[in-house]
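K.L.:
Below is a structure I'd like to ask you about.
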Amino acid sequence: MKKLPKVIAVVGPTATGKSDLAVQLALLLKGEVISADSRQVYRGLDIGSGKVTKSEMRGIPHHLLDVEDPKHVYTVERYQKDAQSAVADIISRGKTPVICGGTGFYIDALVYNTRFPDVAPDRALRTRLAKKSTASLMRELMKLDARRAQEIDPHNKVRIIRAIEIARALGSVPKTKRKKQYDVLWIGLDLPRPALREKIHTRLIRRMRGDRIIAETRRLRARGVSWKRLHEFGLEYRHAGLYLQKKLTKTEMLERLENEIVHFAKRQMTWFGKNKDIHWYAPTETKKIITLTSRFLKK
């Protein structure tokens with residue numbers, strides 16, 4: 001039986017140090033990193049998305065960062081195609097792909113070669129649905145397909161609209177077909193809830209120092225990114241946008257944003273919690289992770 005190509009996936013909730021670990025593993029194992037983050041694919045979404053900096057990369061090539069203009073939508077189907085090409089390229093040069101990120105939908109699409117429903121975009125429907133609130137769209141999806149409504153990110157308007165589009169065309173959103181195409185070592189980083197909340201708070205304060213996230217959001221606006229599009233990006237960009245529109249005070253922005261990031265981390269863990277192949281570690285257990293990874297690559 002033909003051996004599947006080996007890849008490493010570093011996953012888990014936000015603020016657990018996935019990017020640092022991925023770089024460490026890549027340095028030790030002659031690897032390259034493939035980002036799996038639905039906001040880091042966009043140019044200019046740097047501070048708010050926690051995009052790894054050049055110095056933090058430590059000379060390790062990183063793929064799937066800064067590949068799309070934020071005024072446009074980068075789909076999971078495109079991510080799948082681009083990421084699979086990156087994996088093939090890295091392996092062809094005798095190196096190990098290290099997939100790193102918290103967007104479980106992207107990671108699963110890549111490693112399982114997910115087949116998505118073949119439903120063409122309905123521009124008129126999308127335009128009409130885009131005028132509705134996220135809560136209203138979720139209610140509509142719940143009526144059409146309760147199973148999909150329970151699985152989807154209730155704050156991701158683009159994905160909700162796509163799910164409604166598919167459900168209207170097919171009667172429901174079919175379960176995606178998946179086929180294992182890599183031998184994956186799943187490494188998950190996690191912390192106890194109080195410790196994770198403290199990490200989220202500390203990181204947010206650091207990113208807000210000097211109003212850096214607000215300044216970044218202003219730059220995106222100056223480049224033509226609409227308020228609506230900023231809202232779709234969620235978290236930092238949504239709340240900074242509301243602050244710049246004078247719909248929130250700075251105190252309200254920070255309080256709401258921190259709570260939203262905590263809820264986001266919970267949703268990430270709900271997604272990854274379904275994957276029983278993940279080996280979970282605390283961020284400090286680097287030696288154990290390196291030992292496990294070395295054994296995986298030698299077998």
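Every chain in the structure tokens takes a letter, A first, then B, and so on in the order presented; its residues are numbered from 1, and the ligands are numbered from 1 following the presented order.
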Name the residues of segment 157-283 of chain A that come out as helix (DSSP H, G or I) in a backbone DSSP run; write them as a PyMOL selection string.

P.N.:
chain A and resi 157-170+193-222+227-233+235-244+250-273

K.L.:
Include C-alpha atoms and write out the residues we just selected as a tab-separated table (two decimals), in the first residue's frame.

P.N.:
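Contents of the output file part-v4.tsv:
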chain	number	residue	atom	x	y	z
A	157	LYS	CA	-21.92	36.09	7.32
A	158	VAL	CA	-20.19	34.96	4.11
A	159	ARG	CA	-20.37	31.28	5.08
A	160	ILE	CA	-23.95	31.55	6.32
A	161	ILE	CA	-25.05	33.09	3.01
A	162	ARG	CA	-23.23	30.35	1.10
A	163	ALA	CA	-24.95	27.69	3.23
A	164	ILE	CA	-28.36	29.25	2.52
A	165	GLU	CA	-27.51	29.39	-1.18
A	166	ILE	CA	-26.65	25.67	-1.20
A	167	ALA	CA	-29.65	24.69	0.94
A	168	ARG	CA	-32.03	26.56	-1.37
A	169	ALA	CA	-30.53	24.84	-4.42
A	170	LEU	CA	-30.30	21.30	-3.02
A	193	ARG	CA	-9.78	28.50	30.53
A	194	PRO	CA	-8.60	31.10	33.12
A	195	ALA	CA	-5.04	30.97	31.76
A	196	LEU	CA	-6.27	31.29	28.17
A	197	ARG	CA	-8.46	34.24	29.09
A	198	GLU	CA	-5.46	35.94	30.71
A	199	LYS	CA	-3.36	35.30	27.59
A	200	ILE	CA	-6.10	36.77	25.40
A	201	HIS	CA	-6.30	39.86	27.62
A	202	THR	CA	-2.53	40.40	27.69
A	203	ARG	CA	-2.19	39.95	23.95
A	204	LEU	CA	-5.07	42.34	23.23
A	205	ILE	CA	-3.55	45.05	25.41
A	206	ARG	CA	-0.20	44.59	23.64
A	207	ARG	CA	-1.79	44.83	20.18
A	208	MET	CA	-3.79	47.90	21.18
A	209	ARG	CA	-0.74	49.73	22.51
A	210	GLY	CA	-0.45	52.99	20.63
A	211	ASP	CA	-3.86	52.33	19.04
A	212	ARG	CA	-2.13	50.05	16.51
A	213	ILE	CA	-5.25	48.07	15.61
A	214	ILE	CA	-7.25	51.27	15.18
A	215	ALA	CA	-4.50	52.72	12.95
A	216	GLU	CA	-4.43	49.52	10.90
A	217	THR	CA	-8.20	49.66	10.45
A	218	ARG	CA	-7.93	53.29	9.31
A	219	ARG	CA	-5.34	52.23	6.72
A	220	LEU	CA	-7.68	49.54	5.42
A	221	ARG	CA	-10.45	52.12	5.07
A	222	ALA	CA	-8.08	54.44	3.21
A	227	TRP	CA	-17.27	49.29	6.80
A	228	LYS	CA	-19.36	46.28	5.81
A	229	ARG	CA	-16.26	44.33	4.77
A	230	LEU	CA	-14.48	45.22	8.02
A	231	HIS	CA	-17.53	43.96	9.91
A	232	GLU	CA	-17.31	40.67	8.00
A	233	PHE	CA	-13.70	40.19	9.11
A	235	LEU	CA	-13.20	40.55	16.03
A	236	GLU	CA	-10.56	43.33	15.97
A	237	TYR	CA	-11.61	44.83	12.63
A	238	ARG	CA	-15.32	44.75	13.39
A	239	HIS	CA	-14.90	46.45	16.76
A	240	ALA	CA	-12.28	48.96	15.61
A	241	GLY	CA	-14.62	49.81	12.74
A	242	LEU	CA	-17.50	50.40	15.14
A	243	TYR	CA	-15.23	52.61	17.25
A	244	LEU	CA	-14.14	54.65	14.22
A	250	LYS	CA	-12.88	52.79	23.34
A	251	THR	CA	-13.75	51.16	26.67
A	252	GLU	CA	-16.80	49.47	25.13
A	253	MET	CA	-14.73	48.37	22.15
A	254	LEU	CA	-12.09	46.70	24.34
A	255	GLU	CA	-14.59	45.02	26.66
A	256	ARG	CA	-16.74	43.65	23.84
A	257	LEU	CA	-13.75	42.64	21.77
A	258	GLU	CA	-12.12	40.66	24.58
A	259	ASN	CA	-15.38	38.81	25.25
A	260	GLU	CA	-15.79	38.06	21.54
A	261	ILE	CA	-12.25	36.66	21.31
A	262	VAL	CA	-12.97	34.40	24.30
A	263	HIS	CA	-16.15	33.14	22.59
A	264	PHE	CA	-14.18	32.68	19.37
A	265	ALA	CA	-11.64	30.50	21.21
A	266	LYS	CA	-14.50	28.37	22.55
A	267	ARG	CA	-15.85	27.87	19.03
A	268	GLN	CA	-12.39	26.86	17.85
A	269	MET	CA	-12.16	24.25	20.61
A	270	THR	CA	-15.62	22.95	19.74
A	271	TRP	CA	-14.41	22.36	16.18
A	272	PHE	CA	-11.07	20.78	17.11
A	273	GLY	CA	-12.64	18.81	19.95

K.L.:
What is the atom CA of Pro154 of chain A-atom CA of Ala135 of chain A distance in Å, reported with one decimal?

P.N.:
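Atom CA of Pro154 of chain A sits 7.8 Å away from atom CA of Ala135 of chain A.
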
K.L.:
If you measure from atom CA of Lys276 of chain A to atom CA of Trp186 of chain A, what distance in Å do you get, rounded to one decimal?

P.N.:
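Going from atom CA of Lys276 of chain A over to atom CA of Trp186 of chain A, I get 9.4 Å.
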
K.L.:
Atom CA of Glu56 of chain A to atom CA of Ser35 of chain A: how many Å, to one decimal?

P.N.:
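These two atoms are separated by 13.7 Å.
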